[in-house]
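Asks: Okay, here's the structure, questions in a sec.
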Amino acid sequence: MARIMAGMGTSHVPGAGAAMDNGKTGEPYWEPLFTGLEPLRKWHSQNVPDVNIIVFNDHATSFSLDNYSTFTIGVAEEFQPADEGWGPRKVPVVEGHPELAWHLVEELIFEEFDMAVAGSLDVDHGLTVPLSIAYDQPEKWPTKVIPLCVNVIQYPQPTPLRCFKLGQAIRRAVDSFDKDLSVGIWGTGGLSHQLGGERAGVVNPKFDNTFLDNMTKDPMANTRISHTDFIREAGSEGIEMIMWNVMRGALNETVKEVYRFYHIPVSATAYGGLILENE
Ligand code: DHB
Ligand code: FE
């Protein structure tokens, strides 16, 4: 009786969060990004689910490199914003949905996904920037959130296919939850970027747009990109795009692209935003 209604993919560029927090969205650098986000925000204002499952990555904010899990679900009542760099954003606390989160933990583990469980988890720009991209600056976030954290920081990272299959298992788990709930699923991160090293600044619009096209046209093609391909084509942090595969796996085989927005530059990356509805 719980149902996944739609999915969103979005980059989580921390600078975009800082632009909102510091009232700079109208500045010439940021204005094209926030103008392009207007239709996405309009869609969100008209399609508010009870819960959003937000697939994101921690940037060594809450997880130390001494202790890293491939997939982690947050089961807490609430999650505090935290961050490196600019520090914790002054955004509302993120309310969880422990009942659905524990149901996901149980079903996913029975489906042989060995999920780690976080009873306490501070959430960084990987999760709070997508919330601000969707909902702007409310007093309180309009939905509950289940944080699902994917390791893209510490090698070895999960495969793009494993991420897609996790999404499929999430879909089955949501479908078997015995309460009327509307659920959204977000894949975050990316698109192509590399923050350090000799190739810092890599951005690859052709790779990004093919990935976005394949979200509707051929989602399995996005599961066949190797880690090496990601690094070569999309830069070392382009690997964040595998989190979009979790979102895509949780949707129907056929989906409708209701909005797409792609913009360069946004800090060191290409911003990509996509809304997909189940057909
Ligand atoms: C940037 C992008 C990221 O995904 C991130 O986690 C940090 C910084 C950037 O482009 O500035
Ligand atoms: Fe990131």
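We label chains A, B, ... in the order they appear in the structure tokens, count residues from 1 in each chain, and number ligands from 1 in the order shown.
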Can you tell me which residues come within 8 Å of ligand 2 when counting only C-alpha atoms and all ligand atoms, ideally as number ranges by chain?
Replies: A: 11-14, 57-59, 125-126, 189-190, 237, 240
Asks: Report as a PyMOL selection string all protein, DNA and RNA residues lying within 8 Å of Gly272 of chain A, evaluated on only C-alpha atoms, omitting residues in the same chain fewer than 4 positions from it.
Replies: chain A and resi 9-11+190-191+260-263
Asks: Can you work out which one of A:Val145, A:Ala173, A:Val91, A:Met241 has the shortest atom-to-atom distance to Ser192 of chain A, counting only C-alpha atoms?
Replies: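 For Ser192 of chain A, the nearest of the candidates is A:Met241.
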Asks: Which one of A:Pro49, A:Gly238, A:Gly26, A:Pro142 sits closest to ligand 1 if you count only C-alpha atoms and all ligand atoms?
Replies: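 Of the candidates, the smallest distance to ligand 1 is held by A:Gly238.
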Asks: Contacts of segment 66-82 of chain A at 9 Å or less, counting only C-alpha atoms, minus same-chain residues fewer than 3 places along, as a ChimeraX atom specification?
Replies: /A:61-63,87-102,104-105,113-125,127-128,145-154,156-158
Asks: Output N, CA and C atoms for every residue in the selection just made, as a CSV table (one decimal), in the first residue's frame.
Replies:
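File selection.csv, as written:
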chain,number,residue,atom,x,y,z
A,61,THR,N,32.0,13.3,6.4
A,61,THR,CA,31.5,14.2,7.5
A,61,THR,C,31.1,13.4,8.7
A,62,SER,N,30.3,12.3,8.4
A,62,SER,CA,29.8,11.5,9.6
A,62,SER,C,30.6,10.2,9.7
A,63,PHE,N,31.1,9.7,8.5
A,63,PHE,CA,31.8,8.5,8.5
A,63,PHE,C,33.3,8.8,8.5
A,87,GLY,N,30.7,24.5,7.0
A,87,GLY,CA,30.1,24.1,8.3
A,87,GLY,C,28.6,23.8,8.1
A,88,PRO,N,28.0,23.4,9.2
A,88,PRO,CA,26.6,23.0,9.1
A,88,PRO,C,25.7,24.1,8.5
A,89,ARG,N,24.9,23.7,7.6
A,89,ARG,CA,24.0,24.7,7.0
A,89,ARG,C,22.8,25.0,8.0
A,90,LYS,N,22.4,26.3,8.0
A,90,LYS,CA,21.2,26.6,8.9
A,90,LYS,C,19.9,26.3,8.2
A,91,VAL,N,19.7,25.0,8.0
A,91,VAL,CA,18.5,24.5,7.4
A,91,VAL,C,17.7,23.6,8.4
A,92,PRO,N,16.4,23.4,8.2
A,92,PRO,CA,15.7,22.7,9.2
A,92,PRO,C,16.3,21.3,9.5
A,93,VAL,N,16.0,20.8,10.7
A,93,VAL,CA,16.4,19.4,11.0
A,93,VAL,C,15.6,18.5,10.0
A,94,VAL,N,16.2,17.3,9.7
A,94,VAL,CA,15.6,16.4,8.7
A,94,VAL,C,14.9,15.3,9.5
A,95,GLU,N,13.5,15.3,9.4
A,95,GLU,CA,12.8,14.3,10.1
A,95,GLU,C,12.8,12.9,9.4
A,96,GLY,N,13.0,11.9,10.2
A,96,GLY,CA,13.1,10.5,9.6
A,96,GLY,C,11.7,9.8,9.6
A,97,HIS,N,11.7,8.6,9.1
A,97,HIS,CA,10.5,7.8,9.2
A,97,HIS,C,11.0,6.4,9.6
A,98,PRO,N,11.2,6.2,11.0
A,98,PRO,CA,11.8,5.0,11.5
A,98,PRO,C,11.0,3.7,11.1
A,99,GLU,N,9.7,3.8,11.0
A,99,GLU,CA,9.0,2.6,10.7
A,99,GLU,C,9.2,2.1,9.3
A,100,LEU,N,9.2,3.0,8.3
A,100,LEU,CA,9.5,2.5,6.9
A,100,LEU,C,11.0,2.2,6.8
A,101,ALA,N,11.8,2.9,7.5
A,101,ALA,CA,13.3,2.7,7.4
A,101,ALA,C,13.6,1.3,7.9
A,102,TRP,N,13.0,0.9,9.1
A,102,TRP,CA,13.3,-0.4,9.6
A,102,TRP,C,12.7,-1.5,8.7
A,104,LEU,N,12.5,-1.3,5.5
A,104,LEU,CA,13.5,-1.4,4.4
A,104,LEU,C,14.7,-2.2,4.8
A,105,VAL,N,15.2,-1.9,6.0
A,105,VAL,CA,16.3,-2.7,6.5
A,105,VAL,C,16.1,-4.2,6.5
A,113,PHE,N,20.9,-7.9,0.6
A,113,PHE,CA,21.7,-6.6,0.6
A,113,PHE,C,22.1,-6.4,2.1
A,114,ASP,N,23.3,-6.4,2.4
A,114,ASP,CA,23.8,-6.4,3.8
A,114,ASP,C,23.9,-4.9,4.2
A,115,MET,N,22.7,-4.3,4.5
A,115,MET,CA,22.7,-2.9,4.8
A,115,MET,C,23.3,-2.7,6.2
A,116,ALA,N,24.0,-1.6,6.3
A,116,ALA,CA,24.4,-1.1,7.7
A,116,ALA,C,23.3,-0.2,8.2
A,117,VAL,N,23.1,-0.1,9.5
A,117,VAL,CA,22.0,0.6,10.1
A,117,VAL,C,22.6,1.7,10.9
A,118,ALA,N,22.1,3.0,10.7
A,118,ALA,CA,22.6,4.1,11.5
A,118,ALA,C,21.5,4.6,12.4
A,119,GLY,N,21.6,4.4,13.7
A,119,GLY,CA,20.7,4.9,14.6
A,119,GLY,C,20.9,6.4,14.9
A,120,SER,N,22.0,6.9,14.4
A,120,SER,CA,22.3,8.3,14.5
A,120,SER,C,23.1,8.7,13.3
A,121,LEU,N,22.8,9.8,12.6
A,121,LEU,CA,23.5,10.1,11.4
A,121,LEU,C,23.4,11.6,11.1
A,122,ASP,N,24.5,12.3,11.1
A,122,ASP,CA,24.4,13.7,10.7
A,122,ASP,C,24.5,13.7,9.2
A,123,VAL,N,23.8,14.6,8.5
A,123,VAL,CA,23.7,14.6,7.1
A,123,VAL,C,24.3,15.9,6.5
A,124,ASP,N,25.2,15.7,5.5
A,124,ASP,CA,25.9,16.8,5.0
A,124,ASP,C,25.3,17.3,3.7
A,125,HIS,N,26.1,18.1,2.9
A,125,HIS,CA,25.5,18.7,1.7
A,125,HIS,C,24.9,17.7,0.7
A,127,LEU,N,22.9,15.5,1.2
A,127,LEU,CA,21.5,15.3,1.4
A,127,LEU,C,20.8,16.7,1.6
A,128,THR,N,21.4,17.6,2.2
A,128,THR,CA,20.7,18.9,2.5
A,128,THR,C,20.6,19.8,1.3
A,145,VAL,N,12.1,12.0,5.7
A,145,VAL,CA,13.2,11.5,4.8
A,145,VAL,C,13.8,10.3,5.4
A,146,ILE,N,14.1,9.3,4.5
A,146,ILE,CA,14.9,8.2,4.9
A,146,ILE,C,16.3,8.4,4.1
A,147,PRO,N,17.3,8.6,4.9
A,147,PRO,CA,18.6,8.8,4.2
A,147,PRO,C,19.2,7.4,3.9
A,148,LEU,N,19.6,7.2,2.7
A,148,LEU,CA,20.3,6.0,2.3
A,148,LEU,C,21.6,6.3,1.7
A,149,CYS,N,22.6,6.0,2.4
A,149,CYS,CA,24.0,6.5,2.1
A,149,CYS,C,24.8,5.4,1.3
A,150,VAL,N,25.4,5.8,0.2
A,150,VAL,CA,26.2,4.9,-0.6
A,150,VAL,C,27.6,5.4,-0.5
A,151,ASN,N,28.5,4.4,-0.3
A,151,ASN,CA,29.9,4.8,-0.3
A,151,ASN,C,30.4,5.0,-1.7
A,152,VAL,N,30.8,6.3,-2.0
A,152,VAL,CA,31.5,6.6,-3.2
A,152,VAL,C,32.8,7.2,-2.9
A,153,ILE,N,33.2,7.1,-1.7
A,153,ILE,CA,34.4,7.9,-1.2
A,153,ILE,C,35.6,6.9,-1.1
A,154,GLN,N,35.4,5.8,-0.5
A,154,GLN,CA,36.5,4.9,-0.2
A,154,GLN,C,36.4,3.7,-1.1
A,156,PRO,N,37.0,-0.1,-2.3
A,156,PRO,CA,36.2,-0.3,-3.5
A,156,PRO,C,34.8,0.2,-3.4
A,157,GLN,N,34.3,0.8,-4.4
A,157,GLN,CA,32.9,1.4,-4.4
A,157,GLN,C,32.0,0.3,-5.0
A,158,PRO,N,30.7,0.4,-4.7
A,158,PRO,CA,29.7,-0.6,-5.3
A,158,PRO,C,29.6,-0.4,-6.8
Asks: As a short mmCIF file (atom, residue, chain, number, x, y, z; two decimals) with N, CA, C and O atoms, in the first residue's frame, please: every residue in segment 34-214 of chain A that a backbone DSSP assignment puts in helix (DSSP H, G or I).
Replies:
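The resulting file, selection17.cif, is shown below:
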data_model
loop_
_atom_site.label_atom_id
_atom_site.label_comp_id
_atom_site.auth_asym_id
_atom_site.auth_seq_id
_atom_site.Cartn_x
_atom_site.Cartn_y
_atom_site.Cartn_z
N PHE A 34 19.36 28.93 -10.77
CA PHE A 34 18.11 28.98 -10.00
C PHE A 34 16.90 29.26 -10.89
O PHE A 34 15.79 28.83 -10.57
N THR A 35 17.11 29.92 -12.04
CA THR A 35 16.01 30.07 -13.00
C THR A 35 15.66 28.70 -13.58
O THR A 35 14.48 28.34 -13.70
N GLY A 36 16.69 27.92 -13.89
CA GLY A 36 16.46 26.57 -14.44
C GLY A 36 15.80 25.64 -13.44
O GLY A 36 15.17 24.66 -13.83
N GLU A 38 13.38 26.54 -11.45
CA GLU A 38 12.00 26.95 -11.15
C GLU A 38 10.96 25.88 -11.51
O GLU A 38 10.12 25.54 -10.68
N PRO A 39 11.02 25.29 -12.75
CA PRO A 39 10.01 24.26 -13.07
C PRO A 39 10.13 23.02 -12.17
O PRO A 39 9.13 22.40 -11.82
N LEU A 40 11.38 22.69 -11.79
CA LEU A 40 11.60 21.55 -10.91
C LEU A 40 10.94 21.81 -9.54
O LEU A 40 10.26 20.95 -8.97
N ARG A 41 11.11 23.02 -9.06
CA ARG A 41 10.52 23.38 -7.77
C ARG A 41 9.00 23.44 -7.84
O ARG A 41 8.31 23.08 -6.89
N LYS A 42 8.50 23.89 -9.00
CA LYS A 42 7.04 23.94 -9.16
C LYS A 42 6.48 22.52 -9.11
O LYS A 42 5.49 22.25 -8.43
N TRP A 43 7.16 21.60 -9.82
CA TRP A 43 6.71 20.20 -9.80
C TRP A 43 6.71 19.68 -8.36
O TRP A 43 5.75 19.04 -7.91
N HIS A 44 7.79 19.95 -7.61
CA HIS A 44 7.86 19.47 -6.22
C HIS A 44 6.75 20.06 -5.36
O HIS A 44 6.21 19.36 -4.50
N SER A 45 6.41 21.34 -5.61
CA SER A 45 5.38 21.95 -4.76
C SER A 45 4.02 21.29 -5.01
O SER A 45 3.16 21.29 -4.15
N GLN A 46 3.87 20.69 -6.21
CA GLN A 46 2.59 20.05 -6.55
C GLN A 46 2.62 18.54 -6.31
O GLN A 46 1.62 17.85 -6.51
N PRO A 98 11.23 6.22 10.96
CA PRO A 98 11.82 4.98 11.46
C PRO A 98 11.05 3.72 11.06
O PRO A 98 11.66 2.69 10.79
N GLU A 99 9.73 3.81 10.99
CA GLU A 99 8.97 2.59 10.71
C GLU A 99 9.24 2.06 9.30
O GLU A 99 9.54 0.89 9.10
N LEU A 100 9.17 2.96 8.31
CA LEU A 100 9.47 2.51 6.94
C LEU A 100 10.96 2.18 6.82
O LEU A 100 11.34 1.23 6.12
N ALA A 101 11.81 2.93 7.51
CA ALA A 101 13.25 2.68 7.42
C ALA A 101 13.59 1.28 7.93
O ALA A 101 14.34 0.53 7.28
N TRP A 102 13.01 0.90 9.05
CA TRP A 102 13.27 -0.45 9.59
C TRP A 102 12.68 -1.53 8.69
O TRP A 102 13.26 -2.61 8.54
N HIS A 103 11.54 -1.23 8.08
CA HIS A 103 10.97 -2.19 7.12
C HIS A 103 11.93 -2.39 5.94
O HIS A 103 12.17 -3.52 5.51
N LEU A 104 12.50 -1.28 5.46
CA LEU A 104 13.47 -1.39 4.36
C LEU A 104 14.68 -2.21 4.80
O LEU A 104 15.15 -3.10 4.07
N VAL A 105 15.19 -1.94 5.99
CA VAL A 105 16.35 -2.68 6.49
C VAL A 105 16.05 -4.18 6.47
O VAL A 105 16.84 -4.98 5.94
N GLU A 106 14.90 -4.53 7.01
CA GLU A 106 14.57 -5.95 7.12
C GLU A 106 14.41 -6.59 5.74
O GLU A 106 15.01 -7.62 5.44
N GLU A 107 13.63 -5.96 4.89
CA GLU A 107 13.38 -6.54 3.56
C GLU A 107 14.67 -6.60 2.74
O GLU A 107 14.92 -7.58 2.03
N LEU A 108 15.48 -5.56 2.80
CA LEU A 108 16.70 -5.54 1.98
C LEU A 108 17.69 -6.59 2.47
O LEU A 108 18.35 -7.27 1.67
N ILE A 109 17.79 -6.75 3.78
CA ILE A 109 18.71 -7.78 4.29
C ILE A 109 18.20 -9.17 3.91
O ILE A 109 18.98 -10.02 3.48
N PHE A 110 16.89 -9.37 3.96
CA PHE A 110 16.35 -10.67 3.53
C PHE A 110 16.53 -10.88 2.03
O PHE A 110 16.54 -11.99 1.54
N HIS A 125 26.06 18.11 2.90
CA HIS A 125 25.48 18.75 1.70
C HIS A 125 24.95 17.72 0.71
O HIS A 125 24.07 18.02 -0.09
N GLY A 126 25.48 16.49 0.78
CA GLY A 126 24.98 15.44 -0.11
C GLY A 126 23.48 15.22 0.03
O GLY A 126 22.81 14.81 -0.92
N LEU A 127 22.94 15.50 1.20
CA LEU A 127 21.49 15.33 1.43
C LEU A 127 20.76 16.66 1.57
O LEU A 127 19.65 16.82 1.08
N THR A 128 21.42 17.64 2.23
CA THR A 128 20.66 18.89 2.49
C THR A 128 20.56 19.78 1.25
O THR A 128 19.58 20.49 1.08
N VAL A 129 21.57 19.72 0.36
CA VAL A 129 21.47 20.58 -0.84
C VAL A 129 20.34 20.10 -1.75
O VAL A 129 19.54 20.91 -2.22
N PRO A 130 20.20 18.79 -2.00
CA PRO A 130 19.03 18.34 -2.77
C PRO A 130 17.69 18.77 -2.14
O PRO A 130 16.76 19.15 -2.86
N LEU A 131 17.59 18.74 -0.81
CA LEU A 131 16.34 19.20 -0.17
C LEU A 131 16.10 20.67 -0.49
O LEU A 131 14.97 21.07 -0.80
N SER A 132 17.15 21.47 -0.46
CA SER A 132 16.99 22.91 -0.74
C SER A 132 16.71 23.14 -2.22
O SER A 132 15.98 24.07 -2.59
N ILE A 133 17.29 22.31 -3.08
CA ILE A 133 17.02 22.43 -4.52
C ILE A 133 15.54 22.16 -4.78
O ILE A 133 14.89 22.88 -5.54
N ALA A 134 14.99 21.16 -4.09
CA ALA A 134 13.58 20.82 -4.32
C ALA A 134 12.63 21.80 -3.62
O ALA A 134 11.62 22.21 -4.19
N TYR A 135 12.94 22.16 -2.37
CA TYR A 135 11.94 22.84 -1.53
C TYR A 135 12.33 24.26 -1.13
O TYR A 135 11.61 24.90 -0.35
N PRO A 160 27.81 0.05 -10.53
CA PRO A 160 26.58 0.70 -10.99
C PRO A 160 25.41 -0.29 -11.09
O PRO A 160 24.26 0.07 -10.82
N LEU A 161 25.70 -1.54 -11.42
CA LEU A 161 24.63 -2.55 -11.51
C LEU A 161 24.09 -2.89 -10.12
O LEU A 161 22.88 -3.03 -9.93
N ARG A 162 24.99 -3.00 -9.15
CA ARG A 162 24.56 -3.29 -7.77
C ARG A 162 23.63 -2.17 -7.27
O ARG A 162 22.63 -2.42 -6.59
N CYS A 163 23.96 -0.96 -7.62
CA CYS A 163 23.12 0.18 -7.21
C CYS A 163 21.73 0.08 -7.83
O CYS A 163 20.71 0.30 -7.17
N PHE A 164 21.67 -0.27 -9.11
CA PHE A 164 20.37 -0.42 -9.79
C PHE A 164 19.56 -1.52 -9.11
O PHE A 164 18.36 -1.37 -8.84
N LYS A 165 20.22 -2.66 -8.84
CA LYS A 165 19.51 -3.78 -8.20
C LYS A 165 19.03 -3.41 -6.80
O LYS A 165 17.98 -3.86 -6.36
N LEU A 166 19.81 -2.60 -6.10
CA LEU A 166 19.36 -2.12 -4.78
C LEU A 166 18.06 -1.32 -4.95
O LEU A 166 17.12 -1.49 -4.17
N GLY A 167 18.02 -0.51 -5.98
CA GLY A 167 16.79 0.26 -6.25
C GLY A 167 15.61 -0.66 -6.50
O GLY A 167 14.51 -0.44 -5.98
N GLN A 168 15.83 -1.71 -7.27
CA GLN A 168 14.73 -2.66 -7.53
C GLN A 168 14.24 -3.30 -6.23
O GLN A 168 13.04 -3.51 -6.04
N ALA A 169 15.19 -3.63 -5.35
CA ALA A 169 14.81 -4.25 -4.08
C ALA A 169 14.08 -3.23 -3.18
O ALA A 169 13.15 -3.59 -2.45
N ILE A 170 14.49 -1.98 -3.25
CA ILE A 170 13.79 -0.92 -2.49
C ILE A 170 12.33 -0.83 -2.96
O ILE A 170 11.41 -0.72 -2.17
N ARG A 171 12.17 -0.91 -4.28
CA ARG A 171 10.82 -0.85 -4.83
C ARG A 171 9.95 -1.97 -4.27
O ARG A 171 8.82 -1.74 -3.82
N ARG A 172 10.47 -3.19 -4.26
CA ARG A 172 9.69 -4.32 -3.73
C ARG A 172 9.42 -4.12 -2.24
O ARG A 172 8.32 -4.43 -1.76
N ALA A 173 10.38 -3.59 -1.52
CA ALA A 173 10.21 -3.38 -0.07
C ALA A 173 9.13 -2.32 0.18
O ALA A 173 8.28 -2.50 1.05
N VAL A 174 9.15 -1.25 -0.58
CA VAL A 174 8.13 -0.20 -0.40
C VAL A 174 6.76 -0.78 -0.73
O VAL A 174 5.78 -0.59 0.01
N ASP A 175 6.68 -1.54 -1.82
CA ASP A 175 5.40 -2.12 -2.24
C ASP A 175 4.82 -3.03 -1.14
O ASP A 175 3.61 -3.22 -1.07
N PRO A 205 30.07 17.13 -20.88
CA PRO A 205 28.65 17.23 -21.20
C PRO A 205 28.13 16.06 -22.04
O PRO A 205 26.98 15.65 -21.88
N LYS A 206 28.98 15.53 -22.93
CA LYS A 206 28.51 14.43 -23.78
C LYS A 206 28.20 13.20 -22.91
O LYS A 206 27.14 12.58 -23.03
N PHE A 207 29.12 12.88 -22.02
CA PHE A 207 28.91 11.75 -21.11
C PHE A 207 27.68 11.98 -20.24
O PHE A 207 26.82 11.10 -20.09
N ASP A 208 27.58 13.18 -19.67
CA ASP A 208 26.46 13.49 -18.78
C ASP A 208 25.13 13.36 -19.51
O ASP A 208 24.17 12.77 -18.99
N ASN A 209 25.05 13.94 -20.72
CA ASN A 209 23.77 13.94 -21.42
C ASN A 209 23.37 12.55 -21.91
O ASN A 209 22.19 12.22 -21.93
N THR A 210 24.37 11.73 -22.25
CA THR A 210 24.05 10.35 -22.61
C THR A 210 23.50 9.62 -21.38
O THR A 210 22.52 8.88 -21.47
N PHE A 211 24.12 9.85 -20.22
CA PHE A 211 23.64 9.24 -18.97
C PHE A 211 22.19 9.68 -18.70
O PHE A 211 21.33 8.85 -18.36
N LEU A 212 21.91 10.96 -18.88
CA LEU A 212 20.55 11.48 -18.63
C LEU A 212 19.57 10.91 -19.65
O LEU A 212 18.46 10.51 -19.29
N ASP A 213 19.98 10.84 -20.93
CA ASP A 213 19.11 10.24 -21.96
C ASP A 213 18.76 8.80 -21.58
O ASP A 213 17.62 8.36 -21.72
N ASN A 214 19.78 8.07 -21.13
CA ASN A 214 19.58 6.64 -20.84
C ASN A 214 18.68 6.40 -19.64
O ASN A 214 18.16 5.29 -19.48
#
Asks: Counting only C-alpha atoms, what is within 10 Å of Asn252 of chain A, bar same-chain residues fewer than 3 positions away, as JSON, numbers by chain?
Replies: {"A": [4, 5, 6, 168, 171, 248, 249, 255, 256, 276, 277, 278, 279]}
Asks: Could you save the residues just selected, with all heavy atoms, as a compact mmCIF listing (two decimals), in the first residue's frame?
Replies:
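Okay, this is what ended up in result13.txt:
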# COMPACT_ATOMS: atom_id res chain seq x y z
N ILE A 4 5.85 4.07 -4.58
CA ILE A 4 6.81 5.04 -5.11
C ILE A 4 6.15 5.75 -6.29
O ILE A 4 5.71 5.11 -7.24
CB ILE A 4 8.12 4.35 -5.53
CG1 ILE A 4 8.85 3.81 -4.28
CG2 ILE A 4 9.02 5.33 -6.29
CD1 ILE A 4 10.21 3.20 -4.52
N MET A 5 6.05 7.07 -6.19
CA MET A 5 5.33 7.85 -7.19
C MET A 5 6.27 8.34 -8.30
O MET A 5 5.91 8.36 -9.46
CB MET A 5 4.68 9.10 -6.58
CG MET A 5 3.97 8.88 -5.25
SD MET A 5 2.72 7.59 -5.34
CE MET A 5 1.53 8.36 -6.41
N ALA A 6 7.44 8.79 -7.92
CA ALA A 6 8.31 9.46 -8.89
C ALA A 6 9.72 9.51 -8.34
O ALA A 6 9.96 9.23 -7.16
CB ALA A 6 7.80 10.88 -9.14
N GLN A 168 15.83 -1.71 -7.27
CA GLN A 168 14.73 -2.66 -7.53
C GLN A 168 14.24 -3.30 -6.23
O GLN A 168 13.04 -3.51 -6.04
CB GLN A 168 15.20 -3.74 -8.51
CG GLN A 168 15.46 -3.21 -9.92
CD GLN A 168 15.99 -4.31 -10.83
OE1 GLN A 168 16.94 -5.02 -10.48
NE2 GLN A 168 15.39 -4.44 -12.00
N ARG A 171 12.17 -0.91 -4.28
CA ARG A 171 10.82 -0.85 -4.83
C ARG A 171 9.95 -1.97 -4.27
O ARG A 171 8.82 -1.74 -3.82
CB ARG A 171 10.91 -0.95 -6.36
CG ARG A 171 9.61 -1.21 -7.08
CD ARG A 171 8.65 -0.03 -6.85
NE ARG A 171 7.45 -0.20 -7.63
CZ ARG A 171 7.34 0.17 -8.91
NH1 ARG A 171 8.35 0.72 -9.54
NH2 ARG A 171 6.20 0.01 -9.54
N ARG A 248 16.78 5.05 -10.21
CA ARG A 248 16.17 4.55 -11.45
C ARG A 248 15.67 3.11 -11.30
O ARG A 248 14.61 2.74 -11.80
CB ARG A 248 17.19 4.64 -12.61
CG ARG A 248 16.61 4.24 -13.96
CD ARG A 248 15.46 5.13 -14.36
NE ARG A 248 14.73 4.63 -15.53
CZ ARG A 248 13.72 3.76 -15.50
NH1 ARG A 248 13.30 3.25 -14.34
NH2 ARG A 248 13.11 3.39 -16.60
N GLY A 249 16.45 2.30 -10.54
CA GLY A 249 16.05 0.91 -10.32
C GLY A 249 14.74 0.80 -9.55
O GLY A 249 14.02 -0.20 -9.67
N VAL A 255 9.44 5.01 -17.81
CA VAL A 255 9.19 6.25 -17.05
C VAL A 255 9.08 7.41 -18.01
O VAL A 255 9.56 7.35 -19.15
CB VAL A 255 10.33 6.55 -16.04
CG1 VAL A 255 10.38 5.53 -14.93
CG2 VAL A 255 11.67 6.68 -16.74
N LYS A 256 8.43 8.45 -17.53
CA LYS A 256 8.31 9.67 -18.33
C LYS A 256 9.22 10.74 -17.74
O LYS A 256 9.20 10.98 -16.53
CB LYS A 256 6.85 10.14 -18.28
CG LYS A 256 6.57 11.31 -19.17
CD LYS A 256 5.09 11.50 -19.37
CE LYS A 256 4.70 12.77 -18.66
NZ LYS A 256 3.33 12.97 -18.36
N LEU A 276 11.48 12.13 -13.01
CA LEU A 276 10.93 10.98 -13.73
C LEU A 276 9.66 10.52 -13.02
O LEU A 276 9.67 10.33 -11.80
CB LEU A 276 11.94 9.83 -13.74
CG LEU A 276 13.30 10.12 -14.37
CD1 LEU A 276 14.25 8.92 -14.17
CD2 LEU A 276 13.17 10.44 -15.86
N GLU A 277 8.59 10.33 -13.81
CA GLU A 277 7.36 9.79 -13.23
C GLU A 277 7.14 8.38 -13.76
O GLU A 277 7.42 8.11 -14.94
CB GLU A 277 6.16 10.66 -13.63
CG GLU A 277 6.05 11.92 -12.79
CD GLU A 277 4.91 12.83 -13.23
OE1 GLU A 277 4.18 12.50 -14.20
OE2 GLU A 277 4.76 13.90 -12.61
N ASN A 278 6.63 7.51 -12.92
CA ASN A 278 6.29 6.16 -13.36
C ASN A 278 5.18 6.22 -14.39
O ASN A 278 4.23 6.98 -14.26
CB ASN A 278 5.81 5.33 -12.15
CG ASN A 278 6.97 4.74 -11.39
OD1 ASN A 278 8.04 4.47 -11.96
ND2 ASN A 278 6.77 4.51 -10.10
N GLU A 279 5.33 5.42 -15.46
CA GLU A 279 4.27 5.35 -16.48
C GLU A 279 3.30 4.26 -16.11
O GLU A 279 3.71 3.22 -15.57
CB GLU A 279 4.88 5.04 -17.83
CG GLU A 279 5.70 6.21 -18.35
CD GLU A 279 5.19 6.79 -19.66
OE1 GLU A 279 5.46 6.19 -20.70
OE2 GLU A 279 4.52 7.84 -19.61
Asks: From a backbone DSSP assignment, name each residue in segment 140-265 of chain A labelled strand (DSSP E or B), as number ranges by chain.
Replies: A: 144-150, 181-188, 255-265
Asks: Just the number, please: distance in Å from atom CA of Gly187 of chain A to atom CA of Trp244 of chain A, one decimal.
Replies: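 It comes out at 4.1 Å.
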